[in-house]
$ cat final_33.tsv   # TSV, C-alpha atoms
chain	number	residue	atom	x	y	z
L	155	MET	CA	36.96	23.97	-33.05
L	156	SER	CA	36.89	22.40	-29.60
L	157	ALA	CA	34.84	19.28	-28.91
L	158	PRO	CA	31.62	19.82	-26.98
L	159	THR	CA	31.90	19.14	-23.28
L	160	ARG	CA	29.93	16.23	-21.86
L	161	SER	CA	28.35	16.14	-18.43
L	162	TYR	CA	30.13	13.75	-16.11
L	163	ARG	CA	28.21	11.18	-14.11
L	164	SER	CA	29.88	9.42	-11.25
L	165	PRO	CA	28.42	5.94	-10.60
L	166	ARG	CA	30.06	5.95	-7.16
L	167	ARG	CA	28.46	9.27	-6.27
L	168	GLU	CA	25.07	8.08	-7.53
L	169	ARG	CA	25.33	4.90	-5.47
L	170	GLY	CA	26.21	7.03	-2.45
L	171	ALA	CA	23.20	9.28	-2.99
L	172	ALA	CA	20.90	6.28	-3.36
L	173	GLN	CA	22.24	4.76	-0.14
L	174	THR	CA	21.81	8.06	1.68
L	175	ARG	CA	18.19	8.19	0.57
L	176	GLN	CA	17.59	4.63	1.77
L	177	ASP	CA	19.17	5.48	5.14
L	178	ILE	CA	16.90	8.51	5.45
L	179	LEU	CA	13.78	6.53	4.57
L	180	ALA	CA	14.66	3.79	7.05
L	181	ALA	CA	15.31	6.30	9.83
L	182	ALA	CA	12.09	8.17	9.09
L	183	ARG	CA	10.00	4.99	9.06
L	184	GLU	CA	11.40	3.91	12.42
L	185	LEU	CA	10.81	7.32	14.02
L	186	PHE	CA	7.32	7.76	12.57
L	187	ILE	CA	6.22	4.35	13.83
L	188	ALA	CA	7.81	4.76	17.27
L	189	GLN	CA	6.84	8.37	18.00
L	190	GLY	CA	4.03	9.23	15.60
L	191	TYR	CA	4.19	11.23	12.39
L	192	ALA	CA	3.11	14.54	13.95
L	193	GLN	CA	5.76	14.43	16.71
L	194	VAL	CA	8.76	13.78	14.45
L	195	THR	CA	10.60	16.72	12.91
L	196	MET	CA	12.94	16.79	9.95
L	197	GLY	CA	15.73	17.56	12.42
L	198	HIS	CA	14.99	14.33	14.28
L	199	ILE	CA	15.16	12.38	11.03
L	200	ALA	CA	18.41	14.04	9.95
L	201	ARG	CA	20.10	13.18	13.24
L	202	ALA	CA	18.83	9.58	13.17
L	203	ALA	CA	20.04	9.14	9.60
L	204	GLY	CA	23.37	10.82	10.31
L	205	VAL	CA	23.01	13.48	7.63
L	206	ALA	CA	22.79	17.25	7.51
L	207	THR	CA	19.31	18.76	7.37
L	208	LYS	CA	20.23	20.34	4.03
L	209	THR	CA	21.10	16.89	2.67
L	210	LEU	CA	17.82	15.52	4.00
L	211	TYR	CA	15.73	18.07	2.11
L	212	ALA	CA	17.81	17.66	-1.05
L	213	SER	CA	17.35	13.89	-0.96
L	214	VAL	CA	13.67	13.48	-0.07
L	215	GLY	CA	12.07	16.92	-0.04
L	216	THR	CA	9.55	17.94	2.61
L	217	LYS	CA	8.23	15.82	5.45
L	218	THR	CA	5.06	15.06	3.50
L	219	GLU	CA	7.06	14.12	0.42
L	220	LEU	CA	9.14	11.81	2.61
L	221	LEU	CA	6.00	10.10	3.89
L	222	HIS	CA	4.75	9.79	0.32
L	223	ALA	CA	8.08	8.21	-0.71
L	224	LEU	CA	7.80	5.67	2.11
L	225	LEU	CA	4.30	4.62	1.13
L	226	ALA	CA	5.08	4.69	-2.59
L	227	THR	CA	7.91	2.25	-1.87
L	228	ASP	CA	5.46	-0.05	-0.10
L	229	VAL	CA	2.95	0.16	-2.96
L	230	ALA	CA	5.70	-0.66	-5.46
L	231	ASP	CA	6.75	-3.63	-3.32
L	232	SER	CA	3.20	-4.88	-2.76
L	233	ARG	CA	3.33	-7.55	-5.50
L	234	THR	CA	-0.06	-6.29	-6.69
L	235	THR	CA	0.76	-7.00	-10.32
L	236	GLY	CA	1.60	-10.62	-9.54
L	237	ILE	CA	-1.59	-11.07	-7.51
L	238	LEU	CA	-3.75	-9.68	-10.32
L	239	GLU	CA	-2.02	-11.88	-12.87
L	240	GLU	CA	-2.75	-14.92	-10.72
L	241	VAL	CA	-6.38	-13.86	-10.26
L	242	GLY	CA	-6.62	-13.37	-14.02
L	243	ARG	CA	-5.77	-17.02	-14.57
L	244	THR	CA	-8.60	-18.28	-12.34
L	245	GLU	CA	-11.81	-19.61	-13.87
L	246	ASP	CA	-14.21	-19.67	-10.92
L	247	LEU	CA	-15.25	-17.41	-8.05
L	248	ALA	CA	-13.88	-19.53	-5.21
L	249	SER	CA	-10.39	-19.75	-6.72
L	250	ALA	CA	-10.30	-16.05	-7.54
L	251	VAL	CA	-11.42	-14.96	-4.08
L	252	ALA	CA	-9.00	-17.34	-2.36
L	253	CYS	CA	-6.12	-16.02	-4.45
L	254	LEU	CA	-7.09	-12.39	-3.94
L	255	ALA	CA	-7.70	-12.71	-0.20
L	256	HIS	CA	-4.41	-14.49	0.41
L	257	GLY	CA	-2.42	-11.98	-1.63
L	258	ILE	CA	-4.04	-9.01	0.10
L	259	ARG	CA	-3.56	-10.66	3.49
L	260	ASP	CA	0.14	-11.05	2.72
L	261	ASN	CA	0.49	-7.38	1.81
L	262	THR	CA	-1.57	-6.19	4.76
L	263	GLU	CA	0.48	-8.24	7.20
L	264	ARG	CA	3.84	-7.23	5.71
L	265	PHE	CA	2.98	-3.55	5.64
L	266	ALA	CA	1.05	-3.36	8.91
L	267	PRO	CA	3.46	-0.80	10.45
L	268	SER	CA	3.07	1.47	7.42
L	269	ILE	CA	-0.72	1.14	7.49
L	270	ASP	CA	-0.71	1.99	11.19
L	271	LEU	CA	1.47	4.99	10.37
L	272	LEU	CA	-1.04	6.20	7.81
L	273	TYR	CA	-3.94	5.86	10.21
L	274	SER	CA	-2.12	7.84	12.89
L	275	SER	CA	-0.76	10.56	10.61
L	276	MET	CA	-3.72	11.41	8.40
L	277	THR	CA	-5.74	12.80	11.32
L	278	SER	CA	-3.06	15.33	12.22
L	279	ASP	CA	-1.73	16.36	8.81
L	280	ALA	CA	-3.80	17.32	5.78
L	281	LYS	CA	-0.95	16.42	3.43
L	282	ALA	CA	-0.65	13.00	5.03
L	283	ARG	CA	-4.32	12.53	4.21
L	284	GLU	CA	-3.39	13.01	0.54
L	285	VAL	CA	-0.92	10.14	0.87
L	286	TRP	CA	-3.65	7.99	2.38
L	287	ASP	CA	-5.98	8.84	-0.50
L	288	TYR	CA	-3.23	7.86	-2.93
L	289	VAL	CA	-2.79	4.45	-1.29
L	290	VAL	CA	-6.55	3.85	-1.18
L	291	THR	CA	-6.85	4.79	-4.85
L	292	GLN	CA	-4.17	2.25	-5.80
L	293	TYR	CA	-5.79	-0.41	-3.65
L	294	ARG	CA	-9.28	0.15	-5.03
L	295	GLN	CA	-8.01	0.17	-8.61
L	296	ALA	CA	-6.44	-3.25	-8.05
L	297	LEU	CA	-9.71	-4.61	-6.67
L	298	ARG	CA	-11.57	-3.12	-9.63
L	299	GLU	CA	-9.28	-4.97	-12.04
L	300	ALA	CA	-10.04	-8.18	-10.15
L	301	ALA	CA	-13.76	-7.38	-10.38
L	302	GLU	CA	-13.47	-6.86	-14.14
L	303	HIS	CA	-12.07	-10.38	-14.49
L	304	LEU	CA	-14.77	-11.91	-12.31
L	305	VAL	CA	-17.54	-10.23	-14.30
L	306	SER	CA	-15.94	-11.15	-17.62
L	307	ILE	CA	-15.91	-14.87	-16.80
L	308	GLY	CA	-19.42	-14.79	-15.36
L	309	ALA	CA	-18.25	-15.78	-11.88
L	310	VAL	CA	-20.41	-13.31	-9.93
L	311	ALA	CA	-24.17	-13.05	-9.52
L	312	PRO	CA	-25.87	-11.90	-12.76
L	313	HIS	CA	-27.14	-8.67	-11.27
L	314	LEU	CA	-23.61	-7.46	-10.42
L	315	ASP	CA	-21.67	-5.24	-12.80
L	316	VAL	CA	-18.01	-4.29	-12.36
L	317	ASN	CA	-18.83	-1.43	-9.99
L	318	GLY	CA	-21.01	-3.65	-7.82
L	319	ALA	CA	-18.40	-6.40	-7.65
L	320	ALA	CA	-15.59	-3.94	-6.93
L	321	ASP	CA	-17.57	-2.30	-4.12
L	322	ARG	CA	-18.20	-5.67	-2.50
L	323	LEU	CA	-14.54	-6.60	-2.76
L	324	TRP	CA	-13.61	-3.33	-1.09
L	325	LEU	CA	-16.12	-3.93	1.70
L	326	CYS	CA	-14.85	-7.46	2.32
L	327	LEU	CA	-11.12	-7.12	1.59
L	328	GLY	CA	-10.40	-3.41	1.95
L	329	LEU	CA	-8.03	-1.94	4.52
L	330	SER	CA	-10.75	-1.29	7.09
L	331	ALA	CA	-11.97	-4.89	7.01
L	332	TRP	CA	-8.58	-6.31	7.95
L	333	ARG	CA	-7.92	-3.61	10.52
L	334	SER	CA	-11.30	-4.11	12.21
L	335	LEU	CA	-10.64	-7.80	12.78
L	336	VAL	CA	-6.89	-7.88	13.39
L	337	VAL	CA	-6.29	-4.60	15.23
L	338	ASP	CA	-9.64	-3.80	16.84
L	339	CYS	CA	-10.76	-7.36	17.63
L	340	GLY	CA	-7.40	-9.08	18.04
L	341	TRP	CA	-7.96	-11.80	15.42
L	342	SER	CA	-5.09	-13.64	13.78
L	343	TYR	CA	-4.47	-12.98	10.10
L	344	ASP	CA	-5.33	-16.62	9.35
L	345	ALA	CA	-8.74	-16.29	10.99
L	346	ALA	CA	-9.38	-12.93	9.34
L	347	GLU	CA	-8.49	-14.32	5.93
L	348	ARG	CA	-10.91	-17.23	6.35
L	349	LEU	CA	-13.82	-15.05	7.43
L	350	LEU	CA	-13.29	-12.28	4.88
L	351	SER	CA	-12.96	-14.85	2.08
L	352	ARG	CA	-16.26	-16.44	3.02
L	353	GLN	CA	-17.90	-13.06	3.27
L	354	ALA	CA	-16.65	-12.05	-0.18
L	355	LEU	CA	-17.85	-15.35	-1.69
L	356	ASN	CA	-21.31	-14.91	-0.20
L	357	MET	CA	-21.69	-11.30	-1.29
L	358	LEU	CA	-20.39	-11.82	-4.83
L	359	GLY	CA	-22.49	-14.91	-5.40
L	360	ASP	CA	-25.68	-13.67	-3.71
L	361	PRO	CA	-28.48	-13.92	-6.31
L	362	VAL	CA	-30.61	-11.30	-4.53
L	363	PRO	CA	-29.83	-7.67	-5.50
L	364	ALA	CA	-28.97	-5.42	-2.59
$ encode --input "final_33.tsv" --output "C-alpha cells"
Amino acid sequence: MSAPTRSYRSPRRERGAAQTRQDILAAARELFIAQGYAQVTMGHIARAAGVATKTLYASVGTKTELLHALLATDVADSRTTGILEEVGRTEDLASAVACLAHGIRDNTERFAPSIDLLYSSMTSDAKAREVWDYVVTQYRQALREAAEHLVSIGAVAPHLDVNGAADRLWLCLGLSAWRSLVVDCGWSYDAAERLLSRQALNMLGDPVPA
C-alpha cells in the first residue's frame, strides 16, 4: 500500500508571494494618495507594481479589498494595544489623557496620508465608506477601553459613565478633531495635542452634567 501523498509547500515561493503583495500594496498606496482613489484603476496599480493584472487580483482581490488591506495594515501597525496598556497603568485623569493624546497624535501623524486617502475615497465609493466605518469602529473601541479604565479608577466626573466618557474622548481626540486643527486650520501637531488634551481634561472632569 503506497504512502499517502503530502502537499508540498515552498518557503521560497511563499516569500515571493508575500513580497509581491507588499509591492502591490506600496504601489497602490502611492497611486491612491497621488491621484485619488476614484481615478486609479487596477490596471494602473498592476503596471506600477510590475505584475500582471491576473496576479494583482489573485494577490489582493478587488480594488475595495485592496484599500481595506492597506488600512487594515495601518490599524495593525497603530500600536493601539501598547497605548491602551500604558493608559491602563495610569492612576489619575491628567496622566491618562496625556498618554492617550500623545499616542493618538503619534498614530494620526504617522498615518496622515492614509487618513487623507480615506476622506477622499469614501465620498466617491460606497465600498470605501465601509472601510472608513471599519477604521472608525476600531478607533472608537480603543477610546471606549480607555474610558472604561478612567471610570473604573474614579478619574472622571461622577456623573459620567463609560458611554459618556467615551463620547467625550471621541469628540476631543477623534479623527475629526485632529483633522480640523491640523488640516483645516494649519496647526502643528504639537499645538493640536496641547489644545485637545486640555479640552479632554476639562470635559471629563467637568462636574456639571451636559
$ atom_distance --input "final_33.tsv" --atom1 "CA of Gly318 (chain L)" --atom2 "CA of Ile258 (chain L)"
19.5 Å
$ residues_around --input "final_33.tsv" --residues "Trp324 (chain L)" --least-positions-apart "2" --cutoff "12 Å" --atoms "all atoms listed in the file" --output "PyMOL selection string"
chain L and resi 254-255+258+290-301+317-322+326-332+350-351+353-354+357-358
$ closest_atom_pairs --input "final_33.tsv" --of "region 231-314 of chain L" --to "region 213-220 of chain L" --cutoff "9 Å" --atoms "all atoms listed in the file" --output "JSON lines"
{"residue": "L:Asp279", "atom": "CA", "partner": "L:Thr218", "partner_atom": "CA", "distance": 8.7}
{"residue": "L:Lys281", "atom": "CA", "partner": "L:Thr218", "partner_atom": "CA", "distance": 6.2}
{"residue": "L:Ala282", "atom": "CA", "partner": "L:Thr218", "partner_atom": "CA", "distance": 6.3}
{"residue": "L:Val285", "atom": "CA", "partner": "L:Thr218", "partner_atom": "CA", "distance": 8.2}
$ residues_around --input "final_33.tsv" --residues "Ala309 (chain L)" --least-positions-apart "2" --cutoff "8 Å" --atoms "all atoms listed in the file" --output "compact mmCIF listing (two decimals) with C-alpha atoms, in the coordinates of the input"
# COMPACT_ATOMS: atom_id res chain seq x y z
CA GLU L 245 -11.81 -19.61 -13.87
CA ASP L 246 -14.21 -19.67 -10.92
CA LEU L 247 -15.25 -17.41 -8.05
CA LEU L 304 -14.77 -11.91 -12.31
CA VAL L 305 -17.54 -10.23 -14.30
CA SER L 306 -15.94 -11.15 -17.62
CA ILE L 307 -15.91 -14.87 -16.80
CA ALA L 311 -24.17 -13.05 -9.52
CA GLY L 359 -22.49 -14.91 -5.40
$ atom_distance --input "final_33.tsv" --atom1 "CA of Asp228 (chain L)" --atom2 "CA of Glu184 (chain L)"
14.4 Å
$ closest_residue --input "final_33.tsv" --among "L:Leu225, L:Cys339, L:Ala182, L:Val310" --to "Val289 (chain L)" --atoms "only C-alpha atoms"
L:Leu225
$ closest_residue --input "final_33.tsv" --among "L:Glu302, L:Glu263, L:Asp315, L:Asp177" --to "Val241 (chain L)" --atoms "all atoms listed in the file"
L:Glu302
$ closest_residue --input "final_33.tsv" --among "L:Arg333, L:Cys253, L:Gln189, L:Pro361" --to "Ala266 (chain L)" --atoms "only C-alpha atoms"
L:Arg333
$ residues_near_point --input "final_33.tsv" --point "(-5.4, -18.1, -8.1)" --cutoff "9 Å" --atoms "only C-alpha atoms" --output "PyMOL selection string"
chain L and resi 237-245+249-254
$ atom_distance --input "final_33.tsv" --atom1 "CA of Ile269 (chain L)" --atom2 "CA of Ile187 (chain L)"
9.9 Å
$ decode --input "final_33.tsv" --residues "region 214-318 of chain L" --atoms "C-alpha atoms" --output "compact mmCIF listing (two decimals), in the first residue's frame"
# COMPACT_ATOMS: atom_id res chain seq x y z
CA VAL L 214 -5.20 41.28 -3.12
CA GLY L 215 -8.65 40.78 -4.60
CA THR L 216 -10.78 43.71 -5.75
CA LYS L 217 -9.91 47.38 -5.56
CA THR L 218 -12.01 47.78 -2.42
CA GLU L 219 -10.38 44.75 -0.81
CA LEU L 220 -7.01 46.28 -1.65
CA LEU L 221 -7.98 49.52 0.09
CA HIS L 222 -9.21 47.52 3.07
CA ALA L 223 -5.88 45.65 3.20
CA LEU L 224 -3.97 48.94 3.20
CA LEU L 225 -5.98 50.37 6.07
CA ALA L 226 -6.01 47.08 7.98
CA THR L 227 -2.21 47.14 7.80
CA ASP L 228 -2.21 50.63 9.29
CA VAL L 229 -4.61 49.62 12.07
CA ALA L 230 -2.42 46.62 12.90
CA ASP L 231 0.63 48.88 12.99
CA SER L 232 -1.05 51.60 15.05
CA ARG L 233 0.42 50.45 18.41
CA THR L 234 -3.07 50.76 19.88
CA THR L 235 -2.54 47.82 22.21
CA GLY L 236 0.59 49.39 23.66
CA ILE L 237 -1.14 52.74 24.14
CA LEU L 238 -4.06 51.14 25.97
CA GLU L 239 -1.71 49.15 28.17
CA GLU L 240 0.10 52.35 29.12
CA VAL L 241 -3.20 54.14 29.81
CA GLY L 242 -4.26 51.16 31.93
CA ARG L 243 -1.29 51.73 34.22
CA THR L 244 -2.19 55.36 34.93
CA GLU L 245 -3.89 56.32 38.19
CA ASP L 246 -5.17 59.83 37.50
CA LEU L 247 -7.00 61.70 34.75
CA ALA L 248 -4.17 64.01 33.72
CA SER L 249 -1.69 61.17 33.21
CA ALA L 250 -4.21 59.06 31.31
CA VAL L 251 -5.25 61.88 28.98
CA ALA L 252 -1.63 62.90 28.33
CA CYS L 253 -0.71 59.31 27.47
CA LEU L 254 -3.76 58.80 25.28
CA ALA L 255 -3.45 62.11 23.44
CA HIS L 256 0.24 61.61 22.71
CA GLY L 257 -0.28 58.05 21.45
CA ILE L 258 -3.17 59.06 19.22
CA ARG L 259 -1.23 62.07 17.96
CA ASP L 260 1.63 59.75 17.00
CA ASN L 261 -0.70 57.45 15.06
CA THR L 262 -2.55 60.32 13.41
CA GLU L 263 0.67 61.95 12.28
CA ARG L 264 2.24 58.70 11.02
CA PHE L 265 -0.85 57.67 9.10
CA ALA L 266 -1.91 61.10 7.84
CA PRO L 267 -1.62 60.07 4.15
CA SER L 268 -3.87 57.05 4.75
CA ILE L 269 -6.41 59.15 6.65
CA ASP L 270 -6.41 61.68 3.80
CA LEU L 271 -6.94 58.78 1.40
CA LEU L 272 -9.96 57.62 3.36
CA TYR L 273 -11.50 61.07 3.41
CA SER L 274 -11.09 61.44 -0.34
CA SER L 275 -12.24 57.95 -1.29
CA MET L 276 -15.30 57.41 0.89
CA THR L 277 -17.27 60.15 -0.89
CA SER L 278 -16.85 58.50 -4.29
CA ASP L 279 -17.07 54.81 -3.44
CA ALA L 280 -19.67 53.15 -1.24
CA LYS L 281 -17.34 50.25 -0.50
CA ALA L 282 -14.60 52.64 0.55
CA ARG L 283 -17.10 54.05 3.04
CA GLU L 284 -17.28 50.57 4.58
CA VAL L 285 -13.52 50.67 5.08
CA TRP L 286 -13.86 54.06 6.77
CA ASP L 287 -16.56 52.69 9.06
CA TYR L 288 -14.25 49.80 9.95
CA VAL L 289 -11.42 52.16 10.91
CA VAL L 290 -13.76 54.38 12.94
CA THR L 291 -15.15 51.34 14.75
CA GLN L 292 -11.64 50.23 15.74
CA TYR L 293 -10.73 53.74 16.85
CA ARG L 294 -13.86 54.22 18.93
CA GLN L 295 -13.48 50.81 20.56
CA ALA L 296 -9.97 51.77 21.68
CA LEU L 297 -11.26 55.01 23.19
CA ARG L 298 -14.04 53.10 24.91
CA GLU L 299 -11.49 50.80 26.55
CA ALA L 300 -9.64 53.88 27.78
CA ALA L 301 -12.92 55.28 29.11
CA GLU L 302 -13.61 52.03 30.97
CA HIS L 303 -10.30 52.41 32.79
CA LEU L 304 -10.94 56.05 33.65
CA VAL L 305 -14.37 55.27 35.07
CA SER L 306 -13.09 52.25 36.99
CA ILE L 307 -10.47 54.31 38.85
CA GLY L 308 -12.88 57.17 39.50
CA ALA L 309 -10.85 59.64 37.44
CA VAL L 310 -13.78 61.29 35.64
CA ALA L 311 -16.65 63.40 36.94
CA PRO L 312 -19.14 61.32 38.99
CA HIS L 313 -22.00 61.86 36.57
CA LEU L 314 -20.09 60.26 33.67
CA ASP L 315 -20.49 56.60 32.84
CA VAL L 316 -18.39 54.71 30.29
CA ASN L 317 -20.53 55.85 27.37
CA GLY L 318 -20.34 59.48 28.43
